[in-house]
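Colleague: My questions all concern the structure below.
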Amino acid sequence: MEEIVNETVTIDEIKRFERNYNAELARGKVPAKVQFEYGWCLVRSPYTNDIKKGNILMEELLHGGSQEIKRDCLFYLGVGHFRLKNYTEALQFVKGLLQMEPNNHQAKDLEQVIKRKMNKDGMLGVALVTGAAAVTVGGAALVVGGLVAAGMALSKGRGK
C-alpha cells in the first residue's frame with residue numbers, strides 16, 4: 001500500500017488527462033469518468049496544488065456519481081489527503097469507504113498506513129476522537145466532513 005501513497009505521475013500524464021478534461025469542459029459537460037481520471041491523475045501528482053485540485057474534483061463526484069465512483073473517490077481522497085499530510089481527513093474518507101464496504105482490503109491497508117503515520121507523528125489520539133464522532137453521526141458526517149475538507153483545502157490554497 002505504501003507504493004500507492006508514494007506513486008507519482010509524470011508531467012506528460014498530467015497534461016494528457018488535463019487535455020481530455022478541458023476538451024469535455026469546452027463541450028459543456030464533463031463526464032464523471034473523465035473527471036475521475038483527471039482527479040485520479042492529479043492526486044498522484046508531485047505538486048501540492050495539483051493534489052488539492054484532484055481532491056476537489058473527487059469531492060464533487062461524491063455528490064452525484066455512482067456507488068462505484070463514490071467508492072473510488074473515497075479511496076483516492078484518502079490517498080490525496082494523506083499525500084497532503086492531512087491525516088485526519090484521509091482517515092475520515094477511508095472510514096467512510098469502510099462503512100460502504102467493510103471488507104475492502106485496499107481501504108483497510110490504507111487505513112493502516114495512515115494510522116502508522118499518525119502514530120509516528122503523535123496524531124492518532126486526535127483522529128480517533130474525531131473519527132468516533134463522525135462514525136456516530138453516520139452518512140451525514142461523511143458529507144459534512146467532505147465539505148469541511150474541501151473548504152480546508154481551498155483555504156490552504158489561498159494562503160500560499
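Residue numbering restarts at 1 for every chain of the C-alpha cells, chains are lettered A, B, ... in their displayed order, and ligands are numbered from 1 as they appear.
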Between range 39-143 of chain A and range 13-22 of chain A, at 12 Å or less, what are the per-residue closest atom pairs and their distances in Å? Count only C-alpha atoms, order by chain and rising residue number, and return it as JSON lines.
Modeller:
{"residue": "A:Gly39", "atom": "CA", "partner": "A:Phe17", "partner_atom": "CA", "distance": 8.8}
{"residue": "A:Trp40", "atom": "CA", "partner": "A:Phe17", "partner_atom": "CA", "distance": 9.4}
{"residue": "A:Cys41", "atom": "CA", "partner": "A:Ile14", "partner_atom": "CA", "distance": 6.2}
{"residue": "A:Leu42", "atom": "CA", "partner": "A:Ile14", "partner_atom": "CA", "distance": 6.8}
{"residue": "A:Val43", "atom": "CA", "partner": "A:Ile14", "partner_atom": "CA", "distance": 10.2}
{"residue": "A:Arg44", "atom": "CA", "partner": "A:Ile14", "partner_atom": "CA", "distance": 9.3}
{"residue": "A:Ser45", "atom": "CA", "partner": "A:Ile14", "partner_atom": "CA", "distance": 7.6}
{"residue": "A:Pro46", "atom": "CA", "partner": "A:Ile14", "partner_atom": "CA", "distance": 10.3}
{"residue": "A:Tyr47", "atom": "CA", "partner": "A:Ile14", "partner_atom": "CA", "distance": 10.8}
{"residue": "A:Asp50", "atom": "CA", "partner": "A:Ile14", "partner_atom": "CA", "distance": 9.2}
{"residue": "A:Ile51", "atom": "CA", "partner": "A:Ile14", "partner_atom": "CA", "distance": 11.2}
{"residue": "A:Lys53", "atom": "CA", "partner": "A:Glu18", "partner_atom": "CA", "distance": 11.6}
{"residue": "A:Gly54", "atom": "CA", "partner": "A:Ile14", "partner_atom": "CA", "distance": 10.9}
{"residue": "A:Leu57", "atom": "CA", "partner": "A:Tyr21", "partner_atom": "CA", "distance": 11.0}
Colleague: Just want the 10 Å neighbourhood of range 70-72 of chain A, counted on only C-alpha atoms, with same-chain residues fewer than 5 positions away dropped. Output as a list in words.
Modeller: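 So the residues in contact are Phe36, Trp40, Met58, Glu59, Glu60, Leu61, Leu62, His63, Gly64, Gly65, Leu77, Gly78, Phe93, Val94, Gly96, Leu97, Leu98, Met100, Glu101, Asn104 and Ala107 of chain A.
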Colleague: Could you please take those selected residues and save C-alpha atoms as a short mmCIF file (atom, residue, chain, number, x, y, z; two decimals), in the first residue's frame?
Modeller:
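What follows is the written file part_27.cif:
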data_model
loop_
_atom_site.label_atom_id
_atom_site.label_comp_id
_atom_site.auth_asym_id
_atom_site.auth_seq_id
_atom_site.Cartn_x
_atom_site.Cartn_y
_atom_site.Cartn_z
CA PHE A 36 -12.47 10.96 -12.12
CA TRP A 40 -7.03 10.44 -10.05
CA MET A 58 -13.06 13.84 -6.40
CA GLU A 59 -15.25 15.53 -3.78
CA GLU A 60 -17.52 16.92 -6.49
CA LEU A 61 -18.09 13.38 -7.74
CA LEU A 62 -19.09 12.15 -4.28
CA HIS A 63 -22.36 14.05 -4.52
CA GLY A 64 -23.64 12.74 -7.82
CA GLY A 65 -21.68 9.75 -9.01
CA LEU A 77 -9.45 11.23 -1.35
CA GLY A 78 -7.80 9.20 1.40
CA PHE A 93 -12.53 9.33 3.94
CA VAL A 94 -11.16 5.81 4.34
CA GLY A 96 -16.39 6.37 5.01
CA LEU A 97 -15.33 3.83 2.40
CA LEU A 98 -15.16 1.10 5.03
CA MET A 100 -19.80 1.27 2.49
CA GLU A 101 -17.55 -1.78 2.06
CA ASN A 104 -12.45 -3.63 1.22
CA ALA A 107 -9.18 0.56 2.26
#
Colleague: Restricting the calculation to only C-alpha atoms, which member of A:Asp109, A:Glu37, A:Glu24, A:Glu68 is positioned closest to Glu3 in chain A?
Modeller: A:Asp109
Colleague: Between CA of Val5 in chain A and CA of Val79 in chain A, what distance in Å does the model show, to one decimal?
Modeller: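 CA of Val79 in chain A lies at a distance of 5.7 Å from CA of Val5 in chain A.
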Colleague: Record the distance separating CA of Gln67 in chain A and CA of Asn55 in chain A, expressed in Å with one decimal.
Modeller: 17.6 Å
Colleague: Tell me, in Å to one decimal, how far CA of Arg83 in chain A is from CA of Lys115 in chain A.
Modeller: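 Pair CA of Arg83 in chain A / CA of Lys115 in chain A returns 13.6 Å.
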Colleague: Go through range 29-138 of chain A and collect every residue that DSSP, computed from the backbone, puts in alpha helix (DSSP H); the answer should be as an MDAnalysis selection string.
Modeller: chainID A and resid 32:43 48:62 67:83 87:100 105:121 124:137
Colleague: Would you mind telling me which residue in A:Val30, A:Asp121, A:Thr48, A:Glu89 lies nearest to Thr8 in chain A when using only C-alpha atoms?
Modeller: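 So, comparing all the options, the nearest one is A:Thr48.
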